[in-house]
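Text of start_37.txt (compact mmCIF, C-alpha atoms) as supplied:
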# COMPACT_ATOMS: atom_id res chain seq x y z
CA MET A 1 17.70 40.55 24.76
CA PRO A 2 19.65 39.05 27.72
CA ARG A 3 23.36 38.74 27.09
CA GLU A 4 23.40 35.16 28.37
CA ILE A 5 21.23 34.02 25.46
CA TYR A 6 23.63 35.64 22.99
CA MET A 7 26.54 33.91 24.68
CA ASP A 8 24.63 30.62 24.84
CA ILE A 9 24.10 30.52 21.07
CA GLU A 10 27.42 32.09 20.07
CA SER A 11 29.50 29.74 22.20
CA SER A 12 27.92 26.62 20.69
CA THR A 13 28.93 24.80 17.52
CA ILE A 14 25.68 22.79 17.47
CA VAL A 15 22.37 24.36 18.43
CA THR A 16 20.22 22.53 21.00
CA LYS A 17 16.49 22.39 21.59
CA GLU A 18 16.98 24.18 24.91
CA GLN A 19 18.72 27.09 23.18
CA LEU A 20 16.01 27.42 20.53
CA ASP A 21 13.26 27.17 23.11
CA ASN A 22 14.98 29.88 25.15
CA LEU A 23 14.95 32.13 22.09
CA TYR A 24 11.29 31.36 21.45
CA HIS A 25 10.24 32.17 25.00
CA GLU A 26 12.35 35.33 25.06
CA TYR A 27 10.83 36.78 21.90
CA CYS A 28 7.39 35.21 21.67
CA SER A 29 5.95 35.20 25.17
CA SER A 30 4.05 38.48 24.80
CA ARG A 31 2.88 40.94 22.19
CA GLU A 32 5.25 43.54 23.57
CA GLY A 33 8.04 42.04 21.47
CA MET A 34 5.97 42.05 18.30
CA HIS A 35 6.53 45.61 17.15
CA PRO A 36 7.51 46.69 14.62
CA ASP A 37 6.10 43.81 12.58
CA PRO A 38 3.26 43.70 10.02
CA VAL A 39 1.60 40.79 11.87
CA SER A 40 0.33 43.44 14.30
CA PHE A 41 -2.27 44.53 11.72
CA LEU A 42 -4.07 41.18 12.03
CA PHE A 43 -4.91 41.72 15.68
CA ARG A 44 -7.20 44.59 14.71
CA TYR A 45 -9.74 42.16 13.22
CA ASP A 46 -11.82 39.68 15.20
CA ASP A 47 -13.66 38.28 12.18
CA LEU A 48 -11.52 35.55 10.61
CA ARG A 49 -12.88 36.38 7.16
CA ASP A 50 -11.51 39.92 7.50
CA ARG A 51 -8.31 38.83 9.22
CA GLU A 52 -7.29 36.43 6.46
CA ILE A 53 -7.66 39.16 3.84
CA VAL A 54 -5.60 41.57 5.94
CA GLY A 55 -3.02 38.84 6.52
CA LEU A 56 -2.65 38.17 2.81
CA ILE A 57 -2.30 41.86 1.99
CA ALA A 58 0.14 42.58 4.84
CA SER A 59 2.33 39.55 4.16
CA SER A 60 2.36 40.24 0.42
CA LEU A 61 3.78 43.71 1.08
CA ALA A 62 6.29 42.42 3.66
CA TYR A 63 9.50 43.12 1.77
CA GLY A 64 11.93 46.01 2.09
CA ARG A 65 12.43 48.29 5.08
CA VAL A 66 10.05 47.66 7.97
CA ALA A 67 9.00 51.30 8.25
CA HIS A 68 8.10 51.34 4.56
CA ILE A 69 6.20 48.05 4.89
CA LEU A 70 4.09 49.35 7.77
CA LYS A 71 3.34 52.58 5.94
CA SER A 72 2.31 50.76 2.75
CA VAL A 73 0.09 48.24 4.55
CA GLU A 74 -1.56 51.06 6.49
CA GLN A 75 -2.18 52.92 3.24
CA VAL A 76 -4.00 49.95 1.72
CA LEU A 77 -5.97 49.05 4.84
CA SER A 78 -7.07 52.65 5.37
CA GLN A 79 -9.38 52.16 2.37
CA MET A 80 -11.17 49.15 3.86
CA SER A 81 -12.73 49.44 7.31
CA GLN A 82 -14.39 46.07 6.67
CA PRO A 83 -12.00 44.20 4.36
CA ARG A 84 -14.34 41.43 3.16
CA GLN A 85 -17.17 43.86 2.48
CA PHE A 86 -14.74 46.18 0.69
CA ILE A 87 -13.43 43.39 -1.54
CA LEU A 88 -16.87 42.07 -2.46
CA GLY A 89 -18.37 45.53 -2.94
CA ASN A 90 -15.89 46.84 -5.52
CA SER A 91 -14.91 46.00 -9.09
CA HIS A 92 -11.54 45.80 -10.80
CA LYS A 93 -11.98 49.35 -12.06
CA ASP A 94 -12.90 50.50 -8.57
CA PHE A 95 -9.72 48.94 -7.14
CA GLN A 96 -7.61 50.60 -9.83
CA LYS A 97 -9.13 53.98 -9.03
CA ILE A 98 -8.90 53.58 -5.24
CA PHE A 99 -5.24 52.55 -5.28
CA LYS A 100 -4.11 54.64 -8.25
CA ASN A 101 -1.48 56.50 -6.22
CA PHE A 102 -0.09 53.45 -4.43
CA LYS A 103 3.55 52.43 -4.80
CA HIS A 104 5.65 50.08 -2.67
CA ARG A 105 9.12 49.52 -4.11
CA PHE A 106 8.37 47.54 -7.30
CA THR A 107 4.74 46.87 -6.36
CA THR A 108 2.36 49.03 -8.35
CA SER A 109 -1.25 50.08 -7.96
CA ASP A 110 -2.16 47.51 -10.62
CA ASP A 111 -0.56 44.76 -8.53
CA VAL A 112 -2.73 45.69 -5.54
CA ALA A 113 -5.85 45.94 -7.70
CA HIS A 114 -5.16 42.54 -9.23
CA LEU A 115 -4.60 40.99 -5.80
CA CYS A 116 -7.96 42.37 -4.68
CA VAL A 117 -9.61 40.89 -7.79
CA GLY A 118 -7.93 37.56 -7.09
CA ILE A 119 -9.22 37.60 -3.51
CA LYS A 120 -12.71 38.51 -4.73
CA ASN A 121 -12.68 35.66 -7.26
CA VAL A 122 -11.56 33.17 -4.63
CA ILE A 123 -14.26 34.27 -2.19
CA GLY A 124 -16.86 34.06 -4.95
CA GLU A 125 -15.85 30.51 -5.84
CA PHE A 126 -14.92 29.03 -2.46
CA GLY A 127 -16.50 31.31 0.15
CA SER A 128 -13.26 32.33 1.86
CA LEU A 129 -9.49 32.21 1.47
CA TYR A 130 -9.45 29.45 4.10
CA ASP A 131 -11.91 27.28 2.18
CA CYS A 132 -9.88 27.80 -0.99
CA PHE A 133 -6.69 26.68 0.75
CA MET A 134 -8.42 23.69 2.32
CA SER A 135 -9.68 22.54 -1.09
CA GLY A 136 -6.10 21.56 -1.90
CA TYR A 137 -4.93 20.61 1.58
CA ASN A 138 -4.17 17.01 2.46
CA ASP A 139 -2.92 16.10 5.92
CA ASN A 140 -1.00 13.19 4.39
CA HIS A 141 1.29 15.58 2.53
CA GLU A 142 4.62 16.28 4.19
CA THR A 143 4.20 20.05 3.94
CA VAL A 144 1.66 22.66 2.86
CA LEU A 145 3.50 23.19 -0.44
CA PRO A 146 0.94 21.39 -2.68
CA ALA A 147 -1.96 23.26 -1.09
CA LEU A 148 -0.07 26.56 -1.32
CA THR A 149 0.63 25.96 -5.00
CA GLY A 150 -3.07 25.45 -5.70
CA PHE A 151 -4.00 28.44 -3.57
CA LEU A 152 -1.68 30.73 -5.56
CA CYS A 153 -3.06 29.42 -8.85
CA ASN A 154 -6.57 30.33 -7.69
CA LEU A 155 -5.44 33.84 -6.70
CA GLN A 156 -3.97 34.58 -10.11
CA ILE A 157 -6.14 36.27 -12.69
CA PRO A 158 -5.78 35.75 -16.48
CA GLY A 159 -2.92 37.70 -18.02
CA ASP A 160 -1.37 38.60 -14.66
CA ARG A 161 1.70 36.36 -14.53
CA CYS A 162 4.10 39.07 -13.30
CA ASN A 163 2.28 40.33 -10.21
CA SER A 164 4.85 41.22 -7.56
CA LEU A 165 2.40 40.17 -4.83
CA ILE A 166 1.54 36.68 -6.09
CA PRO A 167 4.58 34.42 -6.54
CA ALA A 168 4.74 31.77 -9.25
CA PRO A 169 5.50 28.39 -7.58
CA GLU A 170 7.15 27.05 -10.73
CA LYS A 171 9.98 29.55 -10.26
CA LYS A 172 11.06 27.62 -7.12
CA SER A 173 11.44 30.74 -5.00
CA ALA A 174 11.25 30.40 -1.23
CA MET A 175 7.80 32.07 -1.31
CA LYS A 176 8.72 33.74 1.97
CA ARG A 177 5.74 36.08 2.08
CA MET A 178 3.18 33.34 1.42
CA ASN A 179 4.74 31.09 4.05
CA LEU A 180 4.70 34.05 6.42
CA PHE A 181 0.97 34.46 5.72
CA LEU A 182 0.40 30.79 6.54
CA ARG A 183 2.40 31.08 9.76
CA TRP A 184 0.20 33.96 10.85
CA MET A 185 -3.04 32.17 9.95
CA VAL A 186 -2.23 28.67 11.23
CA ARG A 187 -0.17 29.19 14.38
CA LYS A 188 -1.61 30.79 17.51
CA ASP A 189 0.44 32.33 20.30
CA ALA A 190 1.29 35.83 21.50
CA ILE A 191 2.72 36.70 18.06
CA ASP A 192 0.59 34.73 15.58
CA PRO A 193 -3.21 35.19 15.78
CA GLY A 194 -4.17 31.93 14.03
CA GLY A 195 -7.65 30.94 12.86
CA TRP A 196 -7.03 28.32 10.18
CA GLU A 197 -7.48 25.50 12.65
CA LYS A 198 -7.67 22.54 10.26
CA VAL A 199 -4.20 23.16 8.86
CA SER A 200 -1.53 21.34 10.87
CA LYS A 201 1.30 23.49 12.25
CA SER A 202 3.63 20.58 11.55
CA LYS A 203 3.13 21.08 7.79
CA LEU A 204 4.19 24.73 7.69
CA ILE A 205 7.35 25.86 5.86
CA LEU A 206 9.81 28.38 7.27
CA PRO A 207 9.36 31.88 5.75
CA LEU A 208 12.94 32.06 4.48
CA ASP A 209 14.46 35.54 4.30
CA VAL A 210 17.92 37.00 4.78
CA HIS A 211 17.65 36.68 8.56
CA THR A 212 16.39 33.11 8.85
CA HIS A 213 18.76 32.03 6.08
CA ARG A 214 21.68 33.60 7.93
CA MET A 215 20.67 31.90 11.18
CA GLY A 216 20.07 28.59 9.42
CA ILE A 217 23.66 28.58 8.19
CA LYS A 218 25.06 29.93 11.47
CA LEU A 219 23.32 27.23 13.53
CA GLY A 220 24.19 24.38 11.20
CA LEU A 221 20.63 23.84 9.96
CA THR A 222 21.69 24.14 6.31
CA GLU A 223 24.76 24.67 4.17
CA ARG A 224 22.85 25.77 1.09
CA LYS A 225 23.55 29.27 -0.21
CA PRO A 226 20.58 29.82 -2.56
CA ALA A 227 17.60 31.34 -0.77
CA ASP A 228 15.09 29.11 -2.56
CA ILE A 229 12.32 26.70 -1.63
CA ARG A 230 14.78 23.80 -1.25
CA THR A 231 16.67 25.73 1.42
CA ALA A 232 13.43 26.71 3.16
CA LEU A 233 12.37 23.05 3.23
CA GLU A 234 15.79 21.93 4.45
CA ILE A 235 15.85 24.35 7.39
CA THR A 236 12.23 23.47 8.19
CA LYS A 237 13.13 19.79 8.25
CA ALA A 238 16.02 20.52 10.62
CA LEU A 239 13.75 22.56 12.91
CA ARG A 240 11.26 19.70 12.92
CA GLU A 241 13.86 17.69 14.83
CA PHE A 242 13.48 20.20 17.69
CA ASP A 243 9.69 20.46 17.55
CA PRO A 244 7.95 17.99 15.21
CA GLU A 245 4.52 19.48 15.87
CA ASP A 246 5.46 23.15 15.41
CA PRO A 247 8.82 23.66 13.68
CA VAL A 248 8.03 27.15 12.35
CA LYS A 249 7.39 28.53 15.84
CA TYR A 250 11.09 29.47 15.91
CA ASP A 251 10.80 31.76 12.85
CA PHE A 252 9.93 35.02 14.60
CA ALA A 253 12.55 34.48 17.32
CA LEU A 254 15.32 33.60 14.86
CA THR A 255 14.48 36.66 12.77
CA LYS A 256 14.54 39.02 15.75
CA TYR A 257 17.69 37.37 17.10
CA SER A 258 19.45 37.90 13.76
CA ILE A 259 18.39 41.56 13.74
CA ASP A 260 19.66 42.01 17.29
CA LEU A 261 22.95 40.36 16.36
CA ASN A 262 23.39 42.79 13.48
CA ARG A 263 22.89 45.71 15.87
CA LYS A 264 25.27 44.19 18.38
CA GLU A 265 27.98 43.68 15.75
Can you give me the file's structure in the form of structure tokens?
Amino acid sequence: MPREIYMDIESSTIVTKEQLDNLYHEYCSSREGMHPDPVSFLFRYDDLRDREIVGLIASSLAYGRVAHILKSVEQVLSQMSQPRQFILGNSHKDFQKIFKNFKHRFTTSDDVAHLCVGIKNVIGEFGSLYDCFMSGYNDNHETVLPALTGFLCNLQIPGDRCNSLIPAPEKKSAMKRMNLFLRWMVRKDAIDPGGWEKVSKSKLILPLDVHTHRMGIKLGLTERKPADIRTALEITKALREFDPEDPVKYDFALTKYSIDLNRKE
């Protein structure tokens, strides 16, 4: 990353739209800056019905070290050359058997099997993950949070309240991985493949993690210390002042910038 952009941000006490747009264009103008990032898996699939399944799986596993994330996602996807067909063509017992040796930090093979069952149930009831999400989406809502809450409820299966891959909205977590999934599916540029065209980019919520939280505080976008949904909404609201139509477009750039700062320091 050019030194002048570092100096531009670091020498300012208040971030400007020009500075954020410079970051966006530096990091998000081509796919070359994408790697290593799990969003890259989505570009393998032209069929939206496959891509949304891959996006949900990849984003759900997007915690921990990047190398481990990529390895775990690859392990799951290696079992499904055609994700939608794979999901619809197998049972809960099949999923348990197929993924019996899977482990990603505190995610177990049962978690993956249950996620696959949840996806299968949603497709059976609504036709696709997109149609399920849209069943709860209202463009009059300030954010996608109500629709996301309903979407997660539909993904859950009875007796599976502790699945590491499906967050419980009532716990008020930032739901970083689910908001990351929505960023991938709704936005479209060199980094995000898009496809969910009826969901407004303006309603997305920042996928809050250690990097975007750090940058949010550093740039004066929030003073809140808890990494919860309130902080995610607060930083998103601040970013909306810079781009009302697409506030979450800065997410990837801020994350990469924070990582580069850590290396520089």
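Ranking A:Lys93, A:Lys171, A:Lys249, A:Arg31 by their shortest atom-to-atom distance to A:Cys116, with all atoms listed in the file included, puts A:Lys93 first.
Minimum distance to A:Thr212 across A:Gln75, A:Thr255, A:Ser164, A:Ser59 (counting all atoms listed in the file) occurs at A:Thr255.
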Give the answer as one residue: which of A:Asp46, A:Met80, A:Met215, A:Leu204 has the shortest atom-to-atom distance to A:Lys176, using only C-alpha atoms?
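Smallest separation from A:Lys176 among the options: A:Leu204.
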Tell me which protein, DNA and RNA residues are within 8 Å of A:Val39, counting all atoms listed in the file, leaving out same-chain ones fewer than 5 positions away, and put them as a PDB file with C-alpha atoms, keeping the file's coordinate frame.
ATOM      1  CA  MET A  34       5.970  42.050  18.300  1.00  0.00           C
ATOM      2  CA  GLY A  55      -3.020  38.840   6.520  1.00  0.00           C
ATOM      3  CA  ALA A  58       0.140  42.580   4.840  1.00  0.00           C
ATOM      4  CA  SER A  59       2.330  39.550   4.160  1.00  0.00           C
ATOM      5  CA  TRP A 184       0.200  33.960  10.850  1.00  0.00           C
ATOM      6  CA  ILE A 191       2.720  36.700  18.060  1.00  0.00           C
ATOM      7  CA  ASP A 192       0.590  34.730  15.580  1.00  0.00           C
TER       8      ASP A 192
END
Residue list as a PyMOL selection string for point (5.6, 26.6, 9.4), cut-off 6 Å, all atoms listed in the file:
chain A and resi 183+204-206+248
Could you give me, as a ChimeraX atom specification, the residues that have an atom at most 10 Å away from the point (0.2, 32.9, 1.8) in the coordinates of the file, using all atoms listed in the file?
/A:52,55-57,59-60,129,133,148-149,151-152,166-167,175-185
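Using only C-alpha atoms, the smallest distance between any of A:Pro193, A:Phe126, A:Val73, A:Asn90 and A:Leu42 comes from A:Pro193.
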Using only C-alpha atoms, which residues of stretch 184-248 of chain A come within 12 Å of stretch 140-145 of chain A, and what is the closest atom pair for each, with the distance in Å to one decimal? Give it as a Markdown table, sorted by chain and residue number.
| residue | atom | partner | partner_atom | distance |
| --- | --- | --- | --- | --- |
| A:Val186 | CA | A:Val144 | CA | 11.0 |
| A:Lys198 | CA | A:Val144 | CA | 11.9 |
| A:Val199 | CA | A:Val144 | CA | 8.4 |
| A:Ser200 | CA | A:Val144 | CA | 8.7 |
| A:Lys201 | CA | A:Val144 | CA | 9.4 |
| A:Ser202 | CA | A:Thr143 | CA | 7.6 |
| A:Lys203 | CA | A:Thr143 | CA | 4.1 |
| A:Leu204 | CA | A:Val144 | CA | 5.8 |
| A:Ile205 | CA | A:Thr143 | CA | 6.9 |
| A:Leu206 | CA | A:Thr143 | CA | 10.6 |
| A:Ile229 | CA | A:Leu145 | CA | 9.6 |
| A:Arg230 | CA | A:Leu145 | CA | 11.3 |
| A:Ala232 | CA | A:Leu145 | CA | 11.1 |
| A:Leu233 | CA | A:Thr143 | CA | 8.7 |
| A:Glu234 | CA | A:Thr143 | CA | 11.8 |
| A:Thr236 | CA | A:Thr143 | CA | 9.7 |
| A:Lys237 | CA | A:Thr143 | CA | 9.9 |
| A:Arg240 | CA | A:Thr143 | CA | 11.4 |
| A:Pro244 | CA | A:Glu142 | CA | 11.6 |
| A:Glu245 | CA | A:Thr143 | CA | 11.9 |
| A:Asp246 | CA | A:Thr143 | CA | 11.9 |
| A:Pro247 | CA | A:Thr143 | CA | 11.4 |
| A:Val248 | CA | A:Thr143 | CA | 11.7 |
Grab the residues selected above and save them as a PDB file, in the frame of the given file with C-alpha atoms.
ATOM      1  CA  VAL A 186      -2.230  28.670  11.230  1.00  0.00           C
ATOM      2  CA  LYS A 198      -7.670  22.540  10.260  1.00  0.00           C
ATOM      3  CA  VAL A 199      -4.200  23.160   8.860  1.00  0.00           C
ATOM      4  CA  SER A 200      -1.530  21.340  10.870  1.00  0.00           C
ATOM      5  CA  LYS A 201       1.300  23.490  12.250  1.00  0.00           C
ATOM      6  CA  SER A 202       3.630  20.580  11.550  1.00  0.00           C
ATOM      7  CA  LYS A 203       3.130  21.080   7.790  1.00  0.00           C
ATOM      8  CA  LEU A 204       4.190  24.730   7.690  1.00  0.00           C
ATOM      9  CA  ILE A 205       7.350  25.860   5.860  1.00  0.00           C
ATOM     10  CA  LEU A 206       9.810  28.380   7.270  1.00  0.00           C
ATOM     11  CA  ILE A 229      12.320  26.700  -1.630  1.00  0.00           C
ATOM     12  CA  ARG A 230      14.780  23.800  -1.250  1.00  0.00           C
ATOM     13  CA  ALA A 232      13.430  26.710   3.160  1.00  0.00           C
ATOM     14  CA  LEU A 233      12.370  23.050   3.230  1.00  0.00           C
ATOM     15  CA  GLU A 234      15.790  21.930   4.450  1.00  0.00           C
ATOM     16  CA  THR A 236      12.230  23.470   8.190  1.00  0.00           C
ATOM     17  CA  LYS A 237      13.130  19.790   8.250  1.00  0.00           C
ATOM     18  CA  ARG A 240      11.260  19.700  12.920  1.00  0.00           C
ATOM     19  CA  PRO A 244       7.950  17.990  15.210  1.00  0.00           C
ATOM     20  CA  GLU A 245       4.520  19.480  15.870  1.00  0.00           C
ATOM     21  CA  ASP A 246       5.460  23.150  15.410  1.00  0.00           C
ATOM     22  CA  PRO A 247       8.820  23.660  13.680  1.00  0.00           C
ATOM     23  CA  VAL A 248       8.030  27.150  12.350  1.00  0.00           C
TER      24      VAL A 248
END
Between A:Gln85, A:Tyr257, A:Ala190, A:Asp209, which is the closest to A:Ser29 once you count only C-alpha atoms?
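Among the listed residues, A:Ala190 lies closest to A:Ser29.
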A:Val210, A:Ile53, A:Ala113, A:Val15 ranked by distance to A:Ser81, top pick (using only C-alpha atoms):
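For A:Ser81, the nearest of the candidates is A:Ile53.
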I want to know what sits within 9 Å of A:Asn163, based on only C-alpha atoms, with residues of the same chain fewer than 3 positions away left out; could you give that as a ChimeraX atom specification?
/A:107-108,110-112,114-115,156,160,166-168
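For the atom pair formed by atom CA of A:His25 and atom CA of A:Ser40, the distance is 18.4 Å, given to one decimal.
The space between atom CA of A:His104 and atom CA of A:Cys132 spans 27.2 Å.
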Using Å and a single decimal, report how far atom CA of A:Pro83 sits from atom CA of A:Ser30.
26.6 Å
